[in-house]
file input_30.tsv (TSV, C-alpha atoms)
chain	number	residue	atom	x	y	z
A	1	MET	CA	-18.44	-20.93	2.56
A	2	ALA	CA	-19.83	-21.61	-0.91
A	3	GLU	CA	-20.89	-18.00	-1.35
A	4	ASP	CA	-17.25	-16.88	-0.89
A	5	ALA	CA	-16.01	-19.18	-3.64
A	6	ALA	CA	-16.95	-17.02	-6.64
A	7	PRO	CA	-15.40	-13.72	-5.49
A	8	MET	CA	-12.39	-15.63	-4.19
A	9	ALA	CA	-11.79	-17.31	-7.55
A	10	ALA	CA	-12.21	-14.01	-9.39
A	11	ALA	CA	-9.85	-12.22	-7.04
A	12	SER	CA	-7.23	-14.93	-7.34
A	13	GLU	CA	-7.23	-14.64	-11.12
A	14	GLU	CA	-7.19	-10.82	-11.08
A	15	HIS	CA	-4.00	-8.90	-10.50
A	16	ILE	CA	-4.67	-5.17	-10.50
A	17	ALA	CA	-1.91	-2.63	-9.97
A	18	PRO	CA	-2.54	-0.16	-7.13
A	19	ALA	CA	-3.49	3.37	-8.14
A	20	PRO	CA	-0.98	6.17	-7.52
A	21	ARG	CA	-1.74	9.32	-5.52
A	22	VAL	CA	-4.45	10.81	-7.73
A	23	SER	CA	-7.67	12.75	-7.19
A	24	VAL	CA	-10.85	11.13	-8.48
A	25	GLN	CA	-14.29	12.72	-8.65
A	26	ALA	CA	-17.38	10.77	-9.65
A	27	PHE	CA	-20.71	12.23	-10.81
A	28	CYS	CA	-23.35	9.53	-10.55
A	29	GLU	CA	-27.03	9.36	-11.45
A	30	ASN	CA	-27.85	5.99	-9.90
A	31	VAL	CA	-27.47	5.27	-6.17
A	32	ASP	CA	-26.26	1.73	-6.90
A	33	THR	CA	-23.49	3.13	-9.07
A	34	ALA	CA	-22.55	5.59	-6.33
A	35	ALA	CA	-22.41	2.74	-3.83
A	36	ALA	CA	-20.12	0.71	-6.12
A	37	VAL	CA	-17.80	3.69	-6.63
A	38	GLN	CA	-17.76	4.36	-2.89
A	39	ALA	CA	-16.85	0.72	-2.18
A	40	ALA	CA	-14.14	0.89	-4.84
A	41	GLY	CA	-12.63	3.88	-3.07
A	42	GLU	CA	-12.31	1.73	0.05
A	43	ASP	CA	-10.46	-1.04	-1.78
A	44	ARG	CA	-6.81	-1.49	-0.73
A	45	ARG	CA	-5.61	-0.76	-4.27
A	46	MET	CA	-7.22	2.67	-4.06
A	47	ALA	CA	-5.61	3.55	-0.73
A	48	LYS	CA	-3.50	6.36	-2.21
A	49	ALA	CA	-6.28	7.86	-4.33
A	50	HIS	CA	-8.54	10.63	-3.04
A	51	LEU	CA	-12.14	10.00	-4.11
A	52	ARG	CA	-15.19	12.27	-4.00
A	53	ILE	CA	-18.69	11.38	-5.15
A	54	GLN	CA	-21.51	13.69	-6.23
A	55	MET	CA	-24.93	12.92	-7.60
A	56	GLY	CA	-26.32	14.66	-10.66
A	57	GLY	CA	-24.43	12.94	-13.45
A	58	MET	CA	-22.92	14.80	-16.40
A	59	ALA	CA	-24.98	17.95	-15.89
A	60	ALA	CA	-23.57	18.36	-12.39
A	61	ALA	CA	-20.02	17.84	-13.72
A	62	VAL	CA	-20.42	20.49	-16.42
A	63	GLU	CA	-21.66	22.96	-13.85
A	64	ALA	CA	-19.01	22.09	-11.24
A	65	TYR	CA	-16.02	22.61	-13.53
A	66	GLN	CA	-17.07	25.92	-15.03
A	67	SER	CA	-15.28	27.64	-12.16
A	68	ALA	CA	-13.10	24.89	-10.62
A	69	PRO	CA	-10.07	22.91	-11.81
A	70	THR	CA	-10.66	19.32	-12.84
A	71	PRO	CA	-9.11	16.38	-10.89
A	72	ASN	CA	-6.83	13.68	-12.29
A	73	VAL	CA	-9.80	11.41	-13.03
A	74	ILE	CA	-13.49	12.18	-13.63
A	75	ILE	CA	-16.07	9.39	-13.59
A	76	LEU	CA	-19.29	10.39	-15.36
A	77	GLU	CA	-22.51	8.40	-15.31
A	78	SER	CA	-25.29	9.02	-17.78
A	79	GLU	CA	-28.55	7.16	-18.28
A	80	GLY	CA	-29.24	9.19	-21.42
A	81	ARG	CA	-28.88	8.37	-25.12
A	82	GLY	CA	-25.65	8.52	-27.05
A	83	ASP	CA	-26.17	12.02	-28.47
A	84	GLU	CA	-26.90	13.35	-24.96
A	85	ILE	CA	-23.66	11.86	-23.64
A	86	LEU	CA	-21.60	13.29	-26.49
A	87	SER	CA	-23.20	16.73	-26.12
A	88	ALA	CA	-22.39	16.82	-22.38
A	89	LEU	CA	-18.81	15.74	-23.06
A	90	ASP	CA	-18.39	18.53	-25.61
A	91	GLN	CA	-19.51	21.04	-23.01
A	92	LEU	CA	-17.18	19.56	-20.41
A	93	ALA	CA	-14.23	19.69	-22.82
A	94	ASN	CA	-14.27	23.49	-22.67
A	95	SER	CA	-13.31	23.46	-18.98
A	96	CYS	CA	-11.42	20.19	-18.68
A	97	ASP	CA	-7.75	20.59	-17.75
A	98	ALA	CA	-5.02	18.93	-19.82
A	99	GLY	CA	-4.09	15.56	-18.35
A	100	THR	CA	-7.49	14.86	-16.81
A	101	ARG	CA	-8.73	11.40	-17.67
A	102	VAL	CA	-12.42	10.67	-18.15
A	103	VAL	CA	-14.29	7.42	-17.53
A	104	VAL	CA	-17.92	7.20	-18.67
A	105	ILE	CA	-20.57	4.86	-17.29
A	106	GLY	CA	-23.58	4.44	-19.55
A	107	SER	CA	-26.47	2.08	-20.20
A	108	MET	CA	-25.94	1.68	-23.95
A	109	ASN	CA	-23.91	-1.19	-25.42
A	110	ASP	CA	-23.17	0.63	-28.67
A	111	VAL	CA	-19.95	0.29	-30.68
A	112	THR	CA	-20.59	3.54	-32.56
A	113	LEU	CA	-20.98	5.41	-29.28
A	114	TYR	CA	-17.78	3.85	-27.95
A	115	ARG	CA	-15.84	5.01	-31.03
A	116	GLU	CA	-17.17	8.54	-30.65
A	117	LEU	CA	-16.17	8.55	-26.98
A	118	VAL	CA	-12.64	7.43	-27.89
A	119	LYS	CA	-12.42	10.22	-30.47
A	120	ARG	CA	-13.22	12.70	-27.72
A	121	GLY	CA	-10.45	11.36	-25.53
A	122	VAL	CA	-12.51	9.28	-23.10
A	123	SER	CA	-10.21	6.76	-21.43
A	124	ASP	CA	-12.77	4.05	-20.67
A	125	TYR	CA	-16.45	3.27	-21.09
A	126	MET	CA	-18.31	0.93	-18.74
A	127	ILE	CA	-21.84	-0.37	-19.17
A	128	SER	CA	-24.06	-0.16	-16.11
A	129	PRO	CA	-24.65	-1.77	-13.72
A	130	VAL	CA	-21.03	-1.77	-12.59
A	131	ASP	CA	-19.50	-3.68	-9.70
A	132	VAL	CA	-16.69	-2.72	-7.33
A	133	LEU	CA	-13.87	-4.51	-9.14
A	134	GLN	CA	-14.88	-2.99	-12.48
A	135	VAL	CA	-14.48	0.49	-11.02
A	136	VAL	CA	-11.17	-0.40	-9.32
A	137	ARG	CA	-9.86	-1.91	-12.55
A	138	ALA	CA	-10.94	1.10	-14.61
A	139	ILE	CA	-9.23	3.66	-12.35
A	140	CYS	CA	-6.06	1.66	-11.67
A	141	GLY	CA	-5.82	0.66	-15.33
A	142	LEU	CA	-5.50	4.32	-16.34
A	143	TYR	CA	-2.03	4.34	-14.79
A	144	SER	CA	-0.82	0.97	-16.03
A	145	ALA	CA	0.86	1.22	-19.43
A	146	PRO	CA	-0.34	-1.46	-21.88
A	147	ASP	CA	3.24	-2.61	-22.50
A	148	ALA	CA	4.27	-2.51	-18.86
A	149	LYS	CA	5.49	-5.64	-17.12
A	150	PRO	CA	2.92	-7.43	-14.95
A	151	VAL	CA	2.81	-6.04	-11.45
A	152	GLY	CA	4.61	-8.25	-8.96
A	153	ARG	CA	2.52	-10.29	-6.56
A	154	ILE	CA	3.13	-9.64	-2.86
A	155	ILE	CA	2.66	-12.57	-0.48
A	156	ALA	CA	2.73	-11.70	3.22
A	157	VAL	CA	3.48	-14.46	5.73
A	158	VAL	CA	2.85	-13.73	9.40
A	159	GLY	CA	2.74	-15.77	12.59
A	160	ALA	CA	-0.41	-15.95	14.69
A	161	LYS	CA	1.91	-15.98	17.70
A	162	GLY	CA	5.63	-15.57	18.27
A	163	GLY	CA	7.76	-18.68	17.82
A	164	VAL	CA	5.42	-20.60	15.52
A	165	GLY	CA	7.96	-20.80	12.68
A	166	ALA	CA	6.37	-18.25	10.33
A	167	SER	CA	9.77	-17.03	9.14
A	168	THR	CA	10.87	-20.57	8.33
A	169	VAL	CA	7.65	-21.13	6.38
A	170	ALA	CA	8.05	-17.82	4.51
A	171	HIS	CA	11.67	-18.55	3.55
A	172	ASN	CA	10.93	-22.07	2.34
A	173	ILE	CA	7.96	-20.87	0.28
A	174	ALA	CA	10.11	-18.18	-1.35
A	175	PHE	CA	12.84	-20.74	-2.05
A	176	SER	CA	10.32	-23.09	-3.66
A	177	ILE	CA	8.82	-20.29	-5.79
A	178	ALA	CA	12.29	-19.55	-7.14
A	179	ARG	CA	13.61	-23.10	-7.46
A	180	ASP	CA	10.57	-25.18	-8.39
A	181	LEU	CA	8.60	-22.60	-10.36
A	182	SER	CA	11.63	-20.80	-11.85
A	183	LEU	CA	9.97	-17.53	-10.90
A	184	ASP	CA	12.12	-14.55	-9.92
A	185	ALA	CA	11.37	-13.74	-6.30
A	186	VAL	CA	12.58	-11.59	-3.42
A	187	VAL	CA	12.20	-12.63	0.20
A	188	THR	CA	11.99	-9.51	2.37
A	189	ASP	CA	12.80	-9.72	6.07
A	190	LEU	CA	10.74	-7.09	7.89
A	191	ASP	CA	11.92	-7.99	11.39
A	192	LEU	CA	14.75	-5.46	11.40
A	193	ALA	CA	15.93	-6.15	14.95
A	194	PHE	CA	15.73	-9.94	15.09
A	195	GLY	CA	15.23	-11.20	11.52
A	196	THR	CA	16.60	-14.63	10.61
A	197	ALA	CA	16.47	-14.60	6.80
A	198	GLY	CA	20.19	-13.85	6.54
A	199	LEU	CA	20.98	-16.84	8.75
A	200	ASP	CA	18.50	-19.16	7.02
A	201	PHE	CA	19.98	-18.40	3.59
A	202	ASN	CA	23.57	-18.29	4.87
A	203	GLN	CA	23.93	-14.68	3.76
A	204	ASP	CA	25.54	-11.70	5.48
A	205	PRO	CA	25.00	-8.77	3.09
A	206	PRO	CA	26.50	-5.42	4.11
A	207	GLN	CA	23.27	-3.63	3.16
A	208	GLY	CA	19.61	-4.44	3.28
A	209	ILE	CA	16.16	-3.12	3.98
A	210	ALA	CA	17.35	-0.73	6.72
A	211	GLU	CA	19.20	1.39	4.16
A	212	ALA	CA	15.96	1.79	2.22
A	213	VAL	CA	13.56	2.45	5.07
A	214	PHE	CA	15.84	5.03	6.68
A	215	SER	CA	16.49	6.79	3.34
A	216	PRO	CA	12.99	7.13	1.85
A	217	ASP	CA	14.03	9.96	-0.50
A	218	ARG	CA	16.52	7.66	-2.23
A	219	VAL	CA	14.17	4.74	-2.78
A	220	ASP	CA	13.60	3.77	-6.40
A	221	THR	CA	13.93	0.52	-8.32
A	222	ALA	CA	17.67	0.98	-8.97
A	223	PHE	CA	18.43	1.78	-5.32
A	224	VAL	CA	16.45	-1.19	-3.99
A	225	ASP	CA	18.06	-3.48	-6.57
A	226	ARG	CA	21.51	-2.60	-5.22
A	227	LEU	CA	20.43	-3.71	-1.74
A	228	LEU	CA	19.45	-7.22	-2.80
A	229	ALA	CA	21.66	-10.21	-1.96
A	230	LYS	CA	21.61	-13.09	-4.44
A	231	CYS	CA	20.64	-16.44	-2.91
A	232	THR	CA	19.96	-18.54	-6.03
A	233	ASP	CA	19.52	-17.92	-9.76
A	234	HIS	CA	15.93	-16.79	-9.21
A	235	LEU	CA	15.91	-15.75	-5.54
A	236	ASN	CA	17.18	-12.57	-3.94
A	237	LEU	CA	17.12	-11.44	-0.32
A	238	LEU	CA	16.34	-8.05	1.14
A	239	ALA	CA	17.87	-8.72	4.53
A	240	ALA	CA	17.25	-7.21	7.95
A	241	PRO	CA	20.27	-5.85	9.85
A	242	ALA	CA	19.36	-7.91	12.97
A	243	THR	CA	21.21	-5.44	15.20
A	244	LEU	CA	20.11	-3.37	18.18
A	245	ASP	CA	22.14	-0.23	17.54
A	246	ARG	CA	18.97	1.77	16.82
A	247	VAL	CA	15.25	1.69	17.53
A	248	TYR	CA	13.05	0.55	14.65
A	249	ASP	CA	9.92	2.68	14.99
A	250	PHE	CA	8.13	3.35	11.71
A	251	GLY	CA	5.06	5.13	10.43
A	252	ALA	CA	2.20	3.23	8.80
A	253	GLU	CA	3.47	3.88	5.25
A	254	ALA	CA	7.21	3.52	5.93
A	255	PHE	CA	7.63	0.50	3.64
A	256	GLU	CA	5.21	1.48	0.87
A	257	SER	CA	7.83	2.93	-1.49
A	258	ILE	CA	10.00	-0.17	-1.03
A	259	PHE	CA	7.12	-2.48	-1.85
A	260	ASP	CA	6.18	-0.36	-4.89
A	261	SER	CA	9.75	-0.58	-6.18
A	262	LEU	CA	9.83	-4.35	-5.71
A	263	ARG	CA	6.45	-4.76	-7.40
A	264	ALA	CA	7.74	-2.92	-10.46
A	265	THR	CA	10.69	-5.24	-11.04
A	266	VAL	CA	10.04	-8.65	-9.45
A	267	PRO	CA	7.21	-11.09	-10.30
A	268	CYS	CA	6.90	-12.34	-6.73
A	269	VAL	CA	7.74	-10.75	-3.35
A	270	VAL	CA	7.47	-12.80	-0.15
A	271	LEU	CA	7.25	-10.65	2.99
A	272	ASP	CA	8.39	-12.16	6.27
A	273	VAL	CA	6.19	-10.07	8.59
A	274	PRO	CA	7.07	-10.06	12.32
A	275	HIS	CA	4.42	-10.94	14.88
A	276	GLN	CA	3.41	-7.50	16.11
A	277	TRP	CA	0.43	-5.20	15.60
A	278	THR	CA	1.52	-1.74	14.56
A	279	GLY	CA	0.38	0.72	11.93
A	280	TRP	CA	2.91	-0.52	9.39
A	281	THR	CA	2.36	-4.27	9.96
A	282	LYS	CA	-1.39	-3.75	9.67
A	283	GLN	CA	-0.90	-1.74	6.46
A	284	THR	CA	1.47	-4.38	5.09
A	285	LEU	CA	-1.01	-7.21	5.61
A	286	VAL	CA	-3.97	-5.24	4.24
A	287	GLY	CA	-1.98	-4.17	1.17
A	288	ALA	CA	-0.62	-7.61	0.24
A	289	ASP	CA	-2.10	-9.62	-2.62
A	290	ASP	CA	-2.20	-12.77	-0.50
A	291	VAL	CA	-1.82	-13.36	3.24
A	292	LEU	CA	-0.75	-16.61	4.89
A	293	ILE	CA	-1.13	-16.91	8.67
A	294	VAL	CA	1.09	-19.53	10.30
A	295	ALA	CA	-0.27	-21.02	13.52
A	296	ALA	CA	0.68	-23.69	16.04
A	297	PRO	CA	-2.11	-25.98	17.32
A	298	ASP	CA	-2.94	-24.31	20.66
A	299	LEU	CA	-5.68	-22.07	22.02
A	300	ALA	CA	-3.82	-18.73	21.81
A	301	ASN	CA	-2.92	-19.42	18.18
A	302	LEU	CA	-6.54	-20.32	17.38
A	303	ARG	CA	-7.80	-17.10	18.96
A	304	ASN	CA	-5.18	-14.95	17.20
A	305	THR	CA	-5.69	-16.64	13.85
A	306	LYS	CA	-9.45	-16.11	14.12
A	307	ASN	CA	-8.96	-12.43	15.02
A	308	MET	CA	-6.51	-11.81	12.16
A	309	TYR	CA	-8.62	-13.78	9.71
A	310	ASP	CA	-11.80	-11.86	10.55
A	311	PHE	CA	-10.03	-8.51	10.42
A	312	LEU	CA	-8.37	-9.15	7.05
A	313	LYS	CA	-11.55	-10.60	5.57
A	314	THR	CA	-13.35	-7.34	6.42
A	315	ALA	CA	-10.46	-5.03	5.47
A	316	ARG	CA	-9.94	-6.75	2.06
A	317	PRO	CA	-13.50	-7.43	0.83
A	318	ASN	CA	-12.53	-7.64	-2.85
A	319	ASP	CA	-9.51	-9.93	-2.41
A	320	ARG	CA	-8.96	-13.61	-1.98
A	321	LEU	CA	-9.59	-14.63	1.62
A	322	PRO	CA	-6.56	-14.89	3.91
A	323	ARG	CA	-5.25	-18.42	4.31
A	324	TYR	CA	-3.59	-20.24	7.17
A	325	CYS	CA	-1.45	-23.28	7.79
A	326	LEU	CA	-0.68	-25.25	10.93
A	327	ASN	CA	2.97	-25.69	11.85
A	328	GLN	CA	4.84	-27.71	14.49
A	329	VAL	CA	2.03	-30.25	14.69
A	330	GLY	CA	2.63	-33.41	16.71
A	331	VAL	CA	5.00	-32.30	19.48
A	332	PRO	CA	5.36	-35.35	21.78
A	333	LYS	CA	3.25	-35.21	24.98
A	334	ARG	CA	1.88	-31.74	24.12
A	335	PRO	CA	-1.92	-31.36	24.16
A	336	GLU	CA	-2.98	-29.89	20.81
A	337	ILE	CA	-6.10	-28.48	19.22
A	338	LYS	CA	-7.10	-30.58	16.24
A	339	ALA	CA	-6.98	-29.21	12.72
A	340	ALA	CA	-10.71	-29.91	12.43
A	341	ASP	CA	-11.38	-27.50	15.30
A	342	PHE	CA	-9.33	-24.79	13.56
A	343	ALA	CA	-11.28	-25.42	10.37
A	344	LYS	CA	-14.61	-25.23	12.22
A	345	ALA	CA	-13.72	-21.93	13.92
A	346	LEU	CA	-12.49	-20.31	10.67
A	347	GLU	CA	-14.94	-22.12	8.36
A	348	ARG	CA	-11.94	-22.92	6.21
A	349	GLU	CA	-9.46	-25.80	5.97
A	350	PRO	CA	-5.75	-25.12	6.56
A	351	MET	CA	-3.60	-24.93	3.43
A	352	ALA	CA	-1.11	-27.31	5.01
A	353	ILE	CA	-0.44	-29.20	8.23
A	354	ILE	CA	3.32	-29.21	8.75
A	355	PRO	CA	4.55	-31.81	11.25
A	356	PHE	CA	6.95	-31.15	14.11
A	357	GLU	CA	10.30	-32.49	12.86
A	358	PRO	CA	13.06	-30.93	14.98
A	359	GLN	CA	15.94	-32.85	13.41
A	360	LEU	CA	15.02	-31.84	9.85
A	361	PHE	CA	14.30	-28.20	10.62
A	362	GLY	CA	17.18	-27.92	13.08
A	363	ALA	CA	19.67	-29.24	10.55
A	364	ALA	CA	18.39	-26.82	7.89
A	365	ALA	CA	18.58	-23.83	10.27
A	366	ASN	CA	22.07	-24.65	11.51
A	367	ASN	CA	23.38	-25.21	7.98
A	368	GLY	CA	21.75	-22.10	6.49
A	369	GLN	CA	19.71	-24.27	4.10
A	370	MET	CA	16.12	-24.79	3.10
A	371	ILE	CA	14.22	-28.05	3.67
A	372	ALA	CA	14.36	-28.90	-0.04
A	373	GLU	CA	18.16	-28.61	0.07
A	374	ILE	CA	18.32	-31.06	2.98
A	375	SER	CA	15.89	-33.51	1.39
A	376	ALA	CA	14.18	-32.53	-1.86
A	377	SER	CA	11.84	-35.53	-1.80
A	378	HIS	CA	10.76	-35.12	1.81
A	379	LYS	CA	7.01	-34.74	2.32
A	380	THR	CA	7.55	-31.39	4.07
A	381	ALA	CA	9.47	-30.06	1.05
A	382	GLU	CA	6.52	-31.17	-1.08
A	383	MET	CA	4.20	-29.20	1.21
A	384	PHE	CA	6.23	-26.04	0.64
A	385	ARG	CA	6.08	-26.66	-3.12
A	386	ALA	CA	2.30	-26.99	-2.92
A	387	LEU	CA	2.06	-23.79	-0.88
A	388	ALA	CA	4.24	-21.97	-3.42
A	389	CYS	CA	2.05	-23.13	-6.29
A	390	ASP	CA	-1.18	-22.19	-4.58
A	391	LEU	CA	-0.04	-18.74	-3.43
A	392	THR	CA	1.31	-17.83	-6.88
A	393	GLY	CA	-1.58	-19.37	-8.80
A	394	ARG	CA	0.77	-21.70	-10.67
A	395	ALA	CA	0.34	-25.40	-11.41
A	396	GLU	CA	2.84	-27.76	-9.85
A	397	PRO	CA	5.69	-28.48	-12.30
A	398	SER	CA	5.38	-32.20	-11.66
A	399	LYS	CA	1.80	-32.07	-12.92
A	400	GLN	CA	2.70	-30.27	-16.14
A	401	LYS	CA	3.30	-32.94	-18.76
A	402	SER	CA	4.43	-32.42	-22.31
A	403	GLY	CA	2.60	-33.94	-25.22
A	404	LEU	CA	5.46	-36.42	-25.67
A	405	GLN	CA	5.23	-37.55	-22.03
A	406	THR	CA	1.50	-38.08	-22.38
A	407	LEU	CA	1.96	-40.09	-25.59
A	408	ILE	CA	4.63	-42.30	-23.97
A	409	GLU	CA	2.38	-42.95	-20.97
A	410	LYS	CA	-0.46	-43.98	-23.30
A	411	ILE	CA	1.83	-46.32	-25.21
A	412	LEU	CA	3.24	-47.90	-22.06
A	413	GLY	CA	-0.14	-47.96	-20.34
call {"tool": "encode", "arguments": {"input": "input_30.tsv", "output": "structure tokens"}}
result
Amino acid sequence: MAEDAAPMAAASEEHIAPAPRVSVQAFCENVDTAAAVQAAGEDRRMAKAHLRIQMGGMAAAVEAYQSAPTPNVIILESEGRGDEILSALDQLANSCDAGTRVVVIGSMNDVTLYRELVKRGVSDYMISPVDVLQVVRAICGLYSAPDAKPVGRIIAVVGAKGGVGASTVAHNIAFSIARDLSLDAVVTDLDLAFGTAGLDFNQDPPQGIAEAVFSPDRVDTAFVDRLLAKCTDHLNLLAAPATLDRVYDFGAEAFESIFDSLRATVPCVVLDVPHQWTGWTKQTLVGADDVLIVAAPDLANLRNTKNMYDFLKTARPNDRLPRYCLNQVGVPKRPEIKAADFAKALEREPMAIIPFEPQLFGAAANNGQMIAEISASHKTAEMFRALACDLTGRAEPSKQKSGLQTLIEKILG
């Protein structure tokens, strides 16, 4: 577990925008560099990019493009000296198409060389050895404007089994992100046939996510914005129709344009993912910035959580590990698997253990309210606040003290 801590911490701090549909060709000299570039091409943020790798470095690139068009991005590795790199770039410039961006990987940490590379239009220069995230950041960063707004974080919440309360957890986390952290957020109900977000937030919008997913050619930020229903000052809802007048079968990338539009305009997007395993739900979980699995304390939930956890850990090697929480814990007379057994199987503690409180949750559901609206000081509301802080990487507001508060405490203490 300790060995996962470093990459997890780095991934949690890093927020890299996904690359668009671009062609990338790398010309490497070192096999370790080629391996890093290959691994970068398998990162979820590079899913839309088409990557090819060749050995031979700059000389191979100069030869390749004498009779072929250049791709959107060329990655060039050179273990030579600065003058050798510049000479190869000058040769390549004669056949490089307008709009092609060039990233150079070299062994020299030389400011003069860097300035000369910039003069020749090189987009980025990396010093070898490079790691996977450096390559991902370099390619994705080419298509992120310096003055652009930060890319919105996508948090996917999914149940390990049907009926475990994953939707309730997702909605309360989104509410806490908006209310307690004052962060603009959108909760997106992806269960088009049976979604409950509209009921939970006491909303009945005439339009929602169905209009977007069935009209992919119309999807852009303005179109998606018109489909949002306002829940609070900082929280909007992209509701599911929850009707059975059509069949909701989708391709693996059916929701991608919707998520991209939301990312571009909203700091935080909470996805309420239904418990099913299809191409699009798999793609949604793999493509999210953070994944929270909600499980009840029984054997089927433990098995499913373990399966989902292992799959996502492998499919997202450069991201923070998926997390899980236990819900509906302490049902009277029901045999339950202990939290310690979950932690042992997953080699990871649950983020939260939410007790079974039917009166509290029942009242909130029937009133179309969140737990914090029923009882803001309740320990369960505090759990949702802690989950919101952890998943967004924000400190809890209650722990953020002004200098004046600190001074007063010292005086009184």
call {"tool": "atom_distance", "arguments": {"input": "input_30.tsv", "atom1": "CA of Lys313 (chain A)", "atom2": "CA of Val266 (chain A)"}}
result
26.4 Å
call {"tool": "residues_around", "arguments": {"input": "input_30.tsv", "residues": "Gln207 (chain A)", "least_positions_apart": "2", "cutoff": "10 Å", "atoms": "only C-alpha atoms", "output": "JSON, numbers by chain"}}
result
{"A": [204, 205, 209, 210, 211, 212, 226, 227, 228, 229, 238, 239, 240, 241]}
call {"tool": "residues_around", "arguments": {"input": "input_30.tsv", "residues": "Val102 (chain A)", "least_positions_apart": "5", "cutoff": "7 Å", "atoms": "all atoms listed in the file", "output": "JSON, numbers by chain"}}
result
{"A": [73, 74, 75, 122, 123]}
call {"tool": "closest_atom_pairs", "arguments": {"input": "input_30.tsv", "of": "region 262-338 of chain A", "to": "region 40-52 of chain A", "cutoff": "9 Å", "atoms": "all atoms listed in the file", "output": "Markdown table"}}
result
| residue | atom | partner | partner_atom | distance |
| --- | --- | --- | --- | --- |
| A:Val286 | CA | A:Arg44 | CA | 6.8 |
| A:Gly287 | CA | A:Arg44 | CA | 5.8 |
| A:Ala288 | CA | A:Arg44 | CA | 8.8 |
| A:Ala315 | CA | A:Arg44 | CA | 8.0 |
| A:Arg316 | CA | A:Arg44 | CA | 6.7 |
| A:Pro317 | CA | A:Asp43 | CA | 7.5 |
| A:Asn318 | CA | A:Asp43 | CA | 7.0 |
| A:Asp319 | CA | A:Asp43 | CA | 9.0 |
call {"tool": "residues_around", "arguments": {"input": "input_30.tsv", "residues": "Arg115 (chain A)", "least_positions_apart": "4", "cutoff": "12 Å", "atoms": "all atoms listed in the file", "output": "PDB file with C-alpha atoms, keeping the file's coordinate frame"}}
result
ATOM      1  CA  GLY A  82     -25.650   8.520 -27.050  1.00  0.00           C
ATOM      2  CA  LEU A  86     -21.600  13.290 -26.490  1.00  0.00           C
ATOM      3  CA  ASN A 109     -23.910  -1.190 -25.420  1.00  0.00           C
ATOM      4  CA  ASP A 110     -23.170   0.630 -28.670  1.00  0.00           C
ATOM      5  CA  VAL A 111     -19.950   0.290 -30.680  1.00  0.00           C
ATOM      6  CA  LYS A 119     -12.420  10.220 -30.470  1.00  0.00           C
ATOM      7  CA  ARG A 120     -13.220  12.700 -27.720  1.00  0.00           C
ATOM      8  CA  GLY A 121     -10.450  11.360 -25.530  1.00  0.00           C
ATOM      9  CA  VAL A 122     -12.510   9.280 -23.100  1.00  0.00           C
ATOM     10  CA  SER A 123     -10.210   6.760 -21.430  1.00  0.00           C
ATOM     11  CA  ASP A 124     -12.770   4.050 -20.670  1.00  0.00           C
ATOM     12  CA  TYR A 125     -16.450   3.270 -21.090  1.00  0.00           C
TER      13      TYR A 125
END
call {"tool": "closest_residue", "arguments": {"input": "input_30.tsv", "among": "A:Tyr114, A:Tyr143, A:Trp277, A:Phe223", "to": "Gly162 (chain A)", "atoms": "only C-alpha atoms"}}
result
A:Trp277
call {"tool": "residues_around", "arguments": {"input": "input_30.tsv", "residues": "Glu84 (chain A)", "least_positions_apart": "2", "cutoff": "12 Å", "atoms": "only C-alpha atoms", "output": "compact mmCIF listing (two decimals) with C-alpha atoms, keeping the file's coordinate frame"}}
result
# COMPACT_ATOMS: atom_id res chain seq x y z
CA GLY A 57 -24.43 12.94 -13.45
CA MET A 58 -22.92 14.80 -16.40
CA ALA A 59 -24.98 17.95 -15.89
CA GLU A 77 -22.51 8.40 -15.31
CA SER A 78 -25.29 9.02 -17.78
CA GLU A 79 -28.55 7.16 -18.28
CA GLY A 80 -29.24 9.19 -21.42
CA ARG A 81 -28.88 8.37 -25.12
CA GLY A 82 -25.65 8.52 -27.05
CA LEU A 86 -21.60 13.29 -26.49
CA SER A 87 -23.20 16.73 -26.12
CA ALA A 88 -22.39 16.82 -22.38
CA LEU A 89 -18.81 15.74 -23.06
CA ASP A 90 -18.39 18.53 -25.61
CA GLN A 91 -19.51 21.04 -23.01
CA GLY A 106 -23.58 4.44 -19.55
CA MET A 108 -25.94 1.68 -23.95
CA LEU A 113 -20.98 5.41 -29.28
CA LEU A 117 -16.17 8.55 -26.98
call {"tool": "residues_around", "arguments": {"input": "input_30.tsv", "residues": "Leu199 (chain A)", "least_positions_apart": "5", "cutoff": "9 Å", "atoms": "all atoms listed in the file", "output": "PyMOL selection string"}}
result
chain A and resi 204+365-369
call {"tool": "closest_atom_pairs", "arguments": {"input": "input_30.tsv", "of": "region 327-409 of chain A", "to": "region 297-302 of chain A", "cutoff": "12 Å", "atoms": "only C-alpha atoms", "output": "tab-separated table"}}
result
residue	atom	partner	partner_atom	distance
A:Asn327	CA	A:Pro297	CA	7.5
A:Gln328	CA	A:Pro297	CA	7.7
A:Val329	CA	A:Pro297	CA	6.5
A:Gly330	CA	A:Pro297	CA	8.8
A:Val331	CA	A:Pro297	CA	9.8
A:Arg334	CA	A:Asp298	CA	9.5
A:Pro335	CA	A:Asp298	CA	7.9
A:Glu336	CA	A:Pro297	CA	5.3
A:Ile337	CA	A:Pro297	CA	5.1
A:Lys338	CA	A:Pro297	CA	6.9
A:Ala339	CA	A:Pro297	CA	7.4
A:Ala340	CA	A:Pro297	CA	10.6
A:Asp341	CA	A:Leu302	CA	8.9
A:Phe342	CA	A:Leu302	CA	6.5
A:Ala343	CA	A:Leu302	CA	9.9
A:Lys344	CA	A:Leu302	CA	10.8
A:Ala345	CA	A:Leu302	CA	8.1
A:Leu346	CA	A:Leu302	CA	9.0
A:Pro350	CA	A:Pro297	CA	11.4
A:Ile353	CA	A:Pro297	CA	9.8
A:Ile354	CA	A:Pro297	CA	10.6
A:Pro355	CA	A:Pro297	CA	10.7
A:Phe356	CA	A:Pro297	CA	10.9
